[in-house]
file upload-v4.txt (compact mmCIF, C-alpha atoms)
# COMPACT_ATOMS: atom_id res chain seq x y z
CA ALA M 58 0.00 0.00 0.00
CA ASP M 59 2.90 2.36 0.75
CA HIS M 60 4.28 2.07 -2.79
CA ILE M 61 0.83 2.82 -4.23
CA ALA M 62 0.48 5.95 -2.09
CA LYS M 63 3.96 7.14 -3.07
CA GLY M 64 3.12 6.53 -6.72
CA ILE M 65 -0.06 8.58 -6.43
CA TYR M 66 1.85 11.46 -4.83
CA ALA M 67 4.61 11.22 -7.43
CA ARG M 68 2.01 11.58 -10.19
CA VAL M 69 0.85 14.88 -8.69
CA ALA M 70 4.11 16.17 -7.26
CA ASP M 71 6.21 15.51 -10.32
CA ILE M 72 8.80 18.29 -10.12
CA ARG M 73 9.17 18.57 -13.87
CA PRO M 74 6.31 21.09 -14.20
CA ALA M 75 7.76 23.14 -11.32
CA GLN M 76 11.20 23.46 -12.86
CA PRO M 77 10.25 25.30 -16.08
CA LEU M 78 7.86 27.49 -14.09
CA GLY M 79 10.75 28.51 -11.82
CA ASP M 80 8.60 27.50 -8.87
CA ASP M 81 11.29 27.13 -6.22
CA TRP M 82 8.74 27.78 -3.45
CA ALA M 83 6.77 24.65 -4.40
CA LEU M 84 9.91 22.55 -4.49
CA ARG M 85 11.02 23.77 -1.03
CA SER M 86 7.71 23.83 0.81
CA SER M 87 5.70 20.84 -0.36
CA THR M 88 4.88 18.09 2.07
CA ARG M 89 7.46 15.30 1.83
CA PRO M 90 6.38 12.33 -0.30
CA ALA M 91 6.74 9.91 2.65
CA ASP M 92 4.40 12.10 4.74
CA VAL M 93 1.82 12.25 1.96
CA ALA M 94 2.08 8.50 1.42
CA GLU M 95 1.37 7.95 5.12
CA LEU M 96 -1.54 10.41 5.03
CA VAL M 97 -3.04 8.63 2.02
CA ARG M 98 -2.70 5.29 3.82
CA LEU M 99 -4.32 6.64 6.99
CA ALA M 100 -7.11 8.32 5.03
CA ARG M 101 -8.25 5.15 3.30
CA HIS M 102 -12.07 4.93 3.02
CA ARG M 103 -12.60 8.45 4.38
CA ARG M 104 -14.72 10.20 1.79
CA ARG M 105 -15.60 13.63 3.20
CA ALA M 106 -12.26 15.33 3.70
CA VAL M 107 -11.01 18.79 4.55
CA GLU M 108 -7.47 20.04 4.08
CA LEU M 109 -6.27 23.21 5.79
CA GLY M 110 -3.36 24.60 3.78
CA THR M 111 -3.76 23.99 0.04
CA ALA M 112 -0.46 25.58 -1.00
CA THR M 113 0.45 24.06 -4.40
CA GLY M 114 -2.34 21.48 -4.31
CA TRP M 115 0.03 18.52 -4.50
CA THR M 116 -1.35 16.89 -1.33
CA SER M 117 -4.90 17.71 -2.45
CA GLY M 118 -4.27 15.86 -5.69
CA ALA M 119 -2.84 12.83 -3.92
CA LEU M 120 -5.85 12.61 -1.60
CA LEU M 121 -8.24 12.82 -4.54
CA LEU M 122 -6.41 10.31 -6.71
CA ALA M 123 -6.15 7.81 -3.86
CA GLU M 124 -9.89 7.56 -3.25
CA PRO M 125 -12.20 7.90 -6.28
CA GLU M 126 -15.23 8.60 -4.06
CA ARG M 127 -13.52 11.23 -1.89
CA ARG M 128 -14.67 14.83 -1.94
CA LEU M 129 -12.14 17.35 -0.67
CA MET M 130 -12.64 20.89 0.53
CA SER M 131 -9.28 22.67 0.79
CA PHE M 132 -8.82 25.98 2.63
CA ASP M 133 -6.01 28.48 2.16
CA PRO M 134 -6.21 32.27 2.44
CA VAL M 135 -3.28 32.57 0.00
CA VAL M 136 -3.55 31.38 -3.59
CA ARG M 137 -0.05 30.28 -4.52
CA GLU M 138 1.31 31.08 -7.94
CA HIS M 139 1.09 28.06 -10.26
CA ARG M 140 -1.40 26.18 -8.04
CA GLU M 141 -3.86 25.97 -10.94
CA ASP M 142 -1.08 24.69 -13.23
CA TYR M 143 -0.50 21.75 -10.89
CA LEU M 144 -4.19 21.06 -10.30
CA ALA M 145 -4.71 21.03 -14.08
CA LEU M 146 -2.58 17.86 -14.14
CA LEU M 147 -5.36 15.99 -12.34
CA PRO M 148 -7.92 14.05 -14.34
CA ARG M 149 -11.15 16.02 -14.65
CA ALA M 150 -13.05 13.51 -12.50
CA ALA M 151 -10.64 14.13 -9.60
CA ARG M 152 -10.57 17.90 -10.09
CA ASP M 153 -14.38 18.00 -10.04
CA ARG M 154 -14.34 16.57 -6.49
CA LEU M 155 -12.16 19.41 -5.17
CA GLU M 156 -13.59 22.59 -3.68
CA LEU M 157 -10.99 25.30 -3.17
CA VAL M 158 -11.84 27.84 -0.48
CA THR M 159 -9.81 31.04 -0.34
CA ALA M 160 -10.19 31.55 3.40
CA PRO M 161 -8.38 30.66 6.61
CA GLY M 162 -9.01 27.23 8.06
CA HIS M 163 -11.03 28.47 11.01
CA GLU M 164 -13.85 29.47 8.64
CA ALA M 165 -15.26 25.95 8.89
CA ARG M 166 -18.34 24.81 7.01
CA GLY M 167 -19.95 21.55 6.10
CA GLU M 168 -20.92 18.58 8.24
CA GLY M 169 -19.98 14.95 8.61
CA ILE M 170 -16.30 15.44 7.84
CA ASP M 171 -14.42 12.18 8.37
CA LEU M 172 -10.89 13.43 7.64
CA LEU M 173 -9.38 16.75 8.68
CA PHE M 174 -5.79 17.35 7.58
CA VAL M 175 -4.20 20.41 9.21
CA ASP M 176 -1.10 21.69 7.41
CA SER M 177 -1.59 25.43 7.48
CA SER M 178 0.06 28.13 9.58
CA HIS M 179 1.70 25.82 12.14
CA ASP M 180 1.13 28.61 14.68
CA ARG M 181 -0.27 27.47 18.06
CA ASP M 182 -3.14 29.95 18.27
CA ALA M 183 -4.20 29.54 14.63
CA THR M 184 -4.04 25.74 14.87
CA VAL M 185 -6.11 25.73 18.06
CA ALA M 186 -8.70 28.00 16.40
CA GLU M 187 -8.87 25.75 13.32
CA VAL M 188 -9.33 22.50 15.22
CA GLU M 189 -11.92 24.09 17.54
CA ALA M 190 -13.85 25.44 14.53
CA TRP M 191 -13.96 22.01 12.88
CA ARG M 192 -14.65 19.85 15.97
CA PRO M 193 -18.45 20.24 15.83
CA ARG M 194 -18.41 19.45 12.10
CA LEU M 195 -16.56 16.15 12.41
CA ALA M 196 -18.34 12.82 12.00
CA PRO M 197 -18.15 10.21 14.75
CA GLY M 198 -14.85 8.35 14.32
CA ALA M 199 -13.35 11.12 12.17
CA LEU M 200 -9.58 11.25 11.85
CA VAL M 201 -7.78 14.53 12.53
CA VAL M 202 -4.18 14.65 11.26
CA LEU M 203 -1.85 17.51 12.17
CA HIS M 204 1.28 17.74 10.02
CA ASP M 205 4.74 18.64 11.34
CA TYR M 206 4.10 17.46 14.88
CA GLY M 207 7.44 17.35 16.70
CA ASN M 208 9.19 19.34 13.96
CA PRO M 209 11.48 21.81 15.78
CA ALA M 210 10.82 24.39 13.05
CA TYR M 211 7.10 24.35 13.95
CA PRO M 212 6.70 24.10 17.75
CA GLY M 213 3.21 25.63 17.50
CA VAL M 214 1.76 22.33 16.29
CA ALA M 215 2.78 20.40 19.42
CA GLU M 216 1.74 23.36 21.58
CA ALA M 217 -1.70 23.34 19.96
CA VAL M 218 -2.09 19.60 20.49
CA ALA M 219 -1.29 20.09 24.19
CA ASP M 220 -3.62 23.10 24.52
CA LEU M 221 -6.45 21.20 22.83
CA GLY M 222 -5.91 18.12 24.97
CA LEU M 223 -5.98 15.86 21.92
CA GLY M 224 -5.36 12.41 23.32
CA GLY M 225 -4.19 10.83 20.09
CA ARG M 226 -0.72 9.70 19.17
CA GLU M 227 2.34 10.75 17.22
CA HIS M 228 3.09 8.78 14.08
CA ALA M 229 5.74 9.59 11.46
CA GLY M 230 5.76 13.33 12.17
CA LEU M 231 1.97 13.47 12.25
CA TRP M 232 -0.35 13.83 15.23
CA LEU M 233 -3.36 11.51 14.88
CA TRP M 234 -6.55 11.97 16.84
CA GLU M 235 -9.88 10.24 16.25
CA THR M 236 -13.17 11.60 17.45
CA PRO M 237 -15.27 9.25 19.60
CA ALA M 238 -17.31 6.85 17.48
call {"tool": "encode", "arguments": {"input": "upload-v4.txt", "output": "structure tokens"}}
result
Amino acid sequence: ADHIAKGIYARVADIRPAQPLGDDWALRSSTRPADVAELVRLARHRRRAVELGTATGWTSGALLLAEPERRLMSFDPVVREHREDYLALLPRAARDRLELVTAPGHEARGEGIDLLFVDSSHDRDATVAEVEAWRPRLAPGALVVLHDYGNPAYPGVAEAVADLGLGGREHAGLWLWETPA
């Protein structure tokens, strides 16, 4: 399953389109392929997903390609240059299941979300606000995944987990918490 997830991410995050565009930001800031592969594995069978922090859309694309029935709403107040170029690489059927929201992650909407992936500001206060905004919108048994947990460059993620009292667990640089079923 790990090799399938990495292959899906590689299809979206192929650096060849970034190089001629001169998109150094995308090459430096994108979520590592191993992290995306693990996210895709953990997200299996979760069909109503929200991503906080669209950036280039590479992770969005991997989540959509991995699960043909998944619908994804992705929030980011900043529209990154070339994001549409990367998303255009997705098959139309996958792109049609993506809703891009140009707003911060705390502007939650929708119900019955069974996957929440938080990879946005990495700031403690913003992360707390985002998770609190989404909590009432999560389905029973929903999986909340916070990226960069334990990364010394982003201490706000671990601080937010502690402030929120999320009793989950750390796994491969991710914090995993499931809502009660």
call {"tool": "atom_distance", "arguments": {"input": "upload-v4.txt", "atom1": "atom CA of M:Val188", "atom2": "atom CA of M:Gly224"}}
result
13.5 Å
call {"tool": "closest_residue", "arguments": {"input": "upload-v4.txt", "among": "M:Met130, M:Trp191, M:Glu168, M:Leu200", "to": "M:His102", "atoms": "all atoms listed in the file"}}
result
M:Leu200
call {"tool": "closest_residue", "arguments": {"input": "upload-v4.txt", "among": "M:Ala94, M:Leu155, M:Ala106, M:Leu122", "to": "M:Arg194", "atoms": "only C-alpha atoms"}}
result
M:Ala106
call {"tool": "residues_around", "arguments": {"input": "upload-v4.txt", "residues": "M:Arg140", "least_positions_apart": "5", "cutoff": "10 Å", "atoms": "only C-alpha atoms", "output": "list in words"}}
result
Ala83, Thr111, Ala112, Thr113, Gly114, Trp115 and Ala145 of chain M
call {"tool": "write_last_selection", "arguments": {"input": "upload-v4.txt", "atoms": "C-alpha atoms", "output": "PDB file, keeping the file's coordinate frame"}}
result
ATOM      1  CA  ALA M  83       6.770  24.650  -4.400  1.00  0.00           C
ATOM      2  CA  THR M 111      -3.760  23.990   0.040  1.00  0.00           C
ATOM      3  CA  ALA M 112      -0.460  25.580  -1.000  1.00  0.00           C
ATOM      4  CA  THR M 113       0.450  24.060  -4.400  1.00  0.00           C
ATOM      5  CA  GLY M 114      -2.340  21.480  -4.310  1.00  0.00           C
ATOM      6  CA  TRP M 115       0.030  18.520  -4.500  1.00  0.00           C
ATOM      7  CA  ALA M 145      -4.710  21.030 -14.080  1.00  0.00           C
TER       8      ALA M 145
END
call {"tool": "atom_distance", "arguments": {"input": "upload-v4.txt", "atom1": "atom CA of M:His204", "atom2": "atom CA of M:His228"}}
result
10.0 Å
call {"tool": "atom_distance", "arguments": {"input": "upload-v4.txt", "atom1": "atom CA of M:Thr236", "atom2": "atom CA of M:Ala215"}}
result
18.3 Å
call {"tool": "closest_residue", "arguments": {"input": "upload-v4.txt", "among": "M:Arg137, M:Arg166, M:Arg149, M:Arg226", "to": "M:Glu187", "atoms": "all atoms listed in the file"}}
result
M:Arg166
call {"tool": "decode", "arguments": {"input": "upload-v4.txt", "residues": "stretch 98-233 of chain M", "atoms": "C-alpha atoms", "output": "PDB file, in the first residue's frame"}}
result
ATOM      1  CA  ARG M  98      -2.699   5.285   3.817  1.00  0.00           C
ATOM      2  CA  LEU M  99      -4.322   6.644   6.992  1.00  0.00           C
ATOM      3  CA  ALA M 100      -7.112   8.323   5.027  1.00  0.00           C
ATOM      4  CA  ARG M 101      -8.250   5.147   3.296  1.00  0.00           C
ATOM      5  CA  HIS M 102     -12.067   4.932   3.015  1.00  0.00           C
ATOM      6  CA  ARG M 103     -12.597   8.455   4.380  1.00  0.00           C
ATOM      7  CA  ARG M 104     -14.723  10.202   1.789  1.00  0.00           C
ATOM      8  CA  ARG M 105     -15.602  13.634   3.201  1.00  0.00           C
ATOM      9  CA  ALA M 106     -12.256  15.329   3.701  1.00  0.00           C
ATOM     10  CA  VAL M 107     -11.013  18.793   4.547  1.00  0.00           C
ATOM     11  CA  GLU M 108      -7.473  20.039   4.078  1.00  0.00           C
ATOM     12  CA  LEU M 109      -6.268  23.207   5.791  1.00  0.00           C
ATOM     13  CA  GLY M 110      -3.364  24.599   3.780  1.00  0.00           C
ATOM     14  CA  THR M 111      -3.759  23.989   0.039  1.00  0.00           C
ATOM     15  CA  ALA M 112      -0.456  25.583  -1.003  1.00  0.00           C
ATOM     16  CA  THR M 113       0.450  24.057  -4.400  1.00  0.00           C
ATOM     17  CA  GLY M 114      -2.343  21.480  -4.310  1.00  0.00           C
ATOM     18  CA  TRP M 115       0.035  18.520  -4.503  1.00  0.00           C
ATOM     19  CA  THR M 116      -1.355  16.890  -1.335  1.00  0.00           C
ATOM     20  CA  SER M 117      -4.898  17.710  -2.450  1.00  0.00           C
ATOM     21  CA  GLY M 118      -4.266  15.865  -5.687  1.00  0.00           C
ATOM     22  CA  ALA M 119      -2.836  12.826  -3.917  1.00  0.00           C
ATOM     23  CA  LEU M 120      -5.852  12.613  -1.598  1.00  0.00           C
ATOM     24  CA  LEU M 121      -8.239  12.820  -4.539  1.00  0.00           C
ATOM     25  CA  LEU M 122      -6.409  10.308  -6.711  1.00  0.00           C
ATOM     26  CA  ALA M 123      -6.155   7.807  -3.865  1.00  0.00           C
ATOM     27  CA  GLU M 124      -9.892   7.561  -3.252  1.00  0.00           C
ATOM     28  CA  PRO M 125     -12.200   7.900  -6.282  1.00  0.00           C
ATOM     29  CA  GLU M 126     -15.231   8.600  -4.061  1.00  0.00           C
ATOM     30  CA  ARG M 127     -13.521  11.227  -1.887  1.00  0.00           C
ATOM     31  CA  ARG M 128     -14.675  14.834  -1.938  1.00  0.00           C
ATOM     32  CA  LEU M 129     -12.143  17.350  -0.666  1.00  0.00           C
ATOM     33  CA  MET M 130     -12.639  20.891   0.528  1.00  0.00           C
ATOM     34  CA  SER M 131      -9.275  22.673   0.793  1.00  0.00           C
ATOM     35  CA  PHE M 132      -8.821  25.980   2.626  1.00  0.00           C
ATOM     36  CA  ASP M 133      -6.009  28.476   2.158  1.00  0.00           C
ATOM     37  CA  PRO M 134      -6.214  32.271   2.436  1.00  0.00           C
ATOM     38  CA  VAL M 135      -3.283  32.567   0.002  1.00  0.00           C
ATOM     39  CA  VAL M 136      -3.547  31.381  -3.587  1.00  0.00           C
ATOM     40  CA  ARG M 137      -0.048  30.276  -4.524  1.00  0.00           C
ATOM     41  CA  GLU M 138       1.306  31.080  -7.936  1.00  0.00           C
ATOM     42  CA  HIS M 139       1.093  28.062 -10.256  1.00  0.00           C
ATOM     43  CA  ARG M 140      -1.397  26.181  -8.044  1.00  0.00           C
ATOM     44  CA  GLU M 141      -3.860  25.971 -10.941  1.00  0.00           C
ATOM     45  CA  ASP M 142      -1.083  24.693 -13.229  1.00  0.00           C
ATOM     46  CA  TYR M 143      -0.500  21.749 -10.889  1.00  0.00           C
ATOM     47  CA  LEU M 144      -4.185  21.059 -10.302  1.00  0.00           C
ATOM     48  CA  ALA M 145      -4.712  21.032 -14.082  1.00  0.00           C
ATOM     49  CA  LEU M 146      -2.576  17.861 -14.137  1.00  0.00           C
ATOM     50  CA  LEU M 147      -5.357  15.993 -12.338  1.00  0.00           C
ATOM     51  CA  PRO M 148      -7.920  14.053 -14.341  1.00  0.00           C
ATOM     52  CA  ARG M 149     -11.152  16.018 -14.648  1.00  0.00           C
ATOM     53  CA  ALA M 150     -13.054  13.514 -12.497  1.00  0.00           C
ATOM     54  CA  ALA M 151     -10.643  14.126  -9.597  1.00  0.00           C
ATOM     55  CA  ARG M 152     -10.573  17.905 -10.092  1.00  0.00           C
ATOM     56  CA  ASP M 153     -14.379  17.998 -10.044  1.00  0.00           C
ATOM     57  CA  ARG M 154     -14.341  16.572  -6.494  1.00  0.00           C
ATOM     58  CA  LEU M 155     -12.159  19.413  -5.171  1.00  0.00           C
ATOM     59  CA  GLU M 156     -13.590  22.587  -3.680  1.00  0.00           C
ATOM     60  CA  LEU M 157     -10.986  25.302  -3.169  1.00  0.00           C
ATOM     61  CA  VAL M 158     -11.838  27.842  -0.484  1.00  0.00           C
ATOM     62  CA  THR M 159      -9.813  31.043  -0.339  1.00  0.00           C
ATOM     63  CA  ALA M 160     -10.189  31.554   3.399  1.00  0.00           C
ATOM     64  CA  PRO M 161      -8.382  30.664   6.610  1.00  0.00           C
ATOM     65  CA  GLY M 162      -9.013  27.228   8.060  1.00  0.00           C
ATOM     66  CA  HIS M 163     -11.034  28.473  11.010  1.00  0.00           C
ATOM     67  CA  GLU M 164     -13.850  29.466   8.639  1.00  0.00           C
ATOM     68  CA  ALA M 165     -15.264  25.948   8.886  1.00  0.00           C
ATOM     69  CA  ARG M 166     -18.339  24.811   7.009  1.00  0.00           C
ATOM     70  CA  GLY M 167     -19.946  21.551   6.096  1.00  0.00           C
ATOM     71  CA  GLU M 168     -20.924  18.582   8.244  1.00  0.00           C
ATOM     72  CA  GLY M 169     -19.984  14.946   8.611  1.00  0.00           C
ATOM     73  CA  ILE M 170     -16.299  15.439   7.839  1.00  0.00           C
ATOM     74  CA  ASP M 171     -14.423  12.179   8.375  1.00  0.00           C
ATOM     75  CA  LEU M 172     -10.891  13.427   7.639  1.00  0.00           C
ATOM     76  CA  LEU M 173      -9.383  16.751   8.684  1.00  0.00           C
ATOM     77  CA  PHE M 174      -5.786  17.349   7.575  1.00  0.00           C
ATOM     78  CA  VAL M 175      -4.204  20.411   9.206  1.00  0.00           C
ATOM     79  CA  ASP M 176      -1.100  21.688   7.407  1.00  0.00           C
ATOM     80  CA  SER M 177      -1.585  25.430   7.476  1.00  0.00           C
ATOM     81  CA  SER M 178       0.056  28.135   9.579  1.00  0.00           C
ATOM     82  CA  HIS M 179       1.702  25.818  12.139  1.00  0.00           C
ATOM     83  CA  ASP M 180       1.130  28.611  14.677  1.00  0.00           C
ATOM     84  CA  ARG M 181      -0.265  27.473  18.056  1.00  0.00           C
ATOM     85  CA  ASP M 182      -3.136  29.952  18.270  1.00  0.00           C
ATOM     86  CA  ALA M 183      -4.199  29.536  14.634  1.00  0.00           C
ATOM     87  CA  THR M 184      -4.036  25.739  14.871  1.00  0.00           C
ATOM     88  CA  VAL M 185      -6.111  25.735  18.063  1.00  0.00           C
ATOM     89  CA  ALA M 186      -8.700  28.001  16.398  1.00  0.00           C
ATOM     90  CA  GLU M 187      -8.874  25.755  13.324  1.00  0.00           C
ATOM     91  CA  VAL M 188      -9.331  22.500  15.217  1.00  0.00           C
ATOM     92  CA  GLU M 189     -11.918  24.088  17.536  1.00  0.00           C
ATOM     93  CA  ALA M 190     -13.853  25.437  14.534  1.00  0.00           C
ATOM     94  CA  TRP M 191     -13.961  22.007  12.885  1.00  0.00           C
ATOM     95  CA  ARG M 192     -14.652  19.848  15.967  1.00  0.00           C
ATOM     96  CA  PRO M 193     -18.451  20.237  15.831  1.00  0.00           C
ATOM     97  CA  ARG M 194     -18.412  19.454  12.104  1.00  0.00           C
ATOM     98  CA  LEU M 195     -16.555  16.151  12.412  1.00  0.00           C
ATOM     99  CA  ALA M 196     -18.342  12.822  12.000  1.00  0.00           C
ATOM    100  CA  PRO M 197     -18.148  10.214  14.750  1.00  0.00           C
ATOM    101  CA  GLY M 198     -14.855   8.353  14.316  1.00  0.00           C
ATOM    102  CA  ALA M 199     -13.347  11.116  12.167  1.00  0.00           C
ATOM    103  CA  LEU M 200      -9.579  11.252  11.850  1.00  0.00           C
ATOM    104  CA  VAL M 201      -7.777  14.526  12.531  1.00  0.00           C
ATOM    105  CA  VAL M 202      -4.183  14.652  11.259  1.00  0.00           C
ATOM    106  CA  LEU M 203      -1.846  17.507  12.171  1.00  0.00           C
ATOM    107  CA  HIS M 204       1.278  17.744  10.023  1.00  0.00           C
ATOM    108  CA  ASP M 205       4.741  18.645  11.336  1.00  0.00           C
ATOM    109  CA  TYR M 206       4.100  17.459  14.881  1.00  0.00           C
ATOM    110  CA  GLY M 207       7.436  17.352  16.696  1.00  0.00           C
ATOM    111  CA  ASN M 208       9.193  19.339  13.964  1.00  0.00           C
ATOM    112  CA  PRO M 209      11.480  21.812  15.777  1.00  0.00           C
ATOM    113  CA  ALA M 210      10.818  24.390  13.045  1.00  0.00           C
ATOM    114  CA  TYR M 211       7.096  24.350  13.947  1.00  0.00           C
ATOM    115  CA  PRO M 212       6.700  24.103  17.748  1.00  0.00           C
ATOM    116  CA  GLY M 213       3.212  25.630  17.498  1.00  0.00           C
ATOM    117  CA  VAL M 214       1.760  22.327  16.287  1.00  0.00           C
ATOM    118  CA  ALA M 215       2.781  20.398  19.419  1.00  0.00           C
ATOM    119  CA  GLU M 216       1.743  23.360  21.580  1.00  0.00           C
ATOM    120  CA  ALA M 217      -1.704  23.344  19.955  1.00  0.00           C
ATOM    121  CA  VAL M 218      -2.094  19.599  20.492  1.00  0.00           C
ATOM    122  CA  ALA M 219      -1.285  20.089  24.189  1.00  0.00           C
ATOM    123  CA  ASP M 220      -3.624  23.101  24.523  1.00  0.00           C
ATOM    124  CA  LEU M 221      -6.455  21.199  22.833  1.00  0.00           C
ATOM    125  CA  GLY M 222      -5.908  18.118  24.973  1.00  0.00           C
ATOM    126  CA  LEU M 223      -5.980  15.857  21.923  1.00  0.00           C
ATOM    127  CA  GLY M 224      -5.361  12.413  23.318  1.00  0.00           C
ATOM    128  CA  GLY M 225      -4.190  10.829  20.095  1.00  0.00           C
ATOM    129  CA  ARG M 226      -0.717   9.703  19.170  1.00  0.00           C
ATOM    130  CA  GLU M 227       2.339  10.750  17.216  1.00  0.00           C
ATOM    131  CA  HIS M 228       3.089   8.778  14.078  1.00  0.00           C
ATOM    132  CA  ALA M 229       5.736   9.586  11.462  1.00  0.00           C
ATOM    133  CA  GLY M 230       5.759  13.329  12.170  1.00  0.00           C
ATOM    134  CA  LEU M 231       1.969  13.468  12.245  1.00  0.00           C
ATOM    135  CA  TRP M 232      -0.354  13.828  15.233  1.00  0.00           C
ATOM    136  CA  LEU M 233      -3.356  11.514  14.881  1.00  0.00           C
TER     137      LEU M 233
END
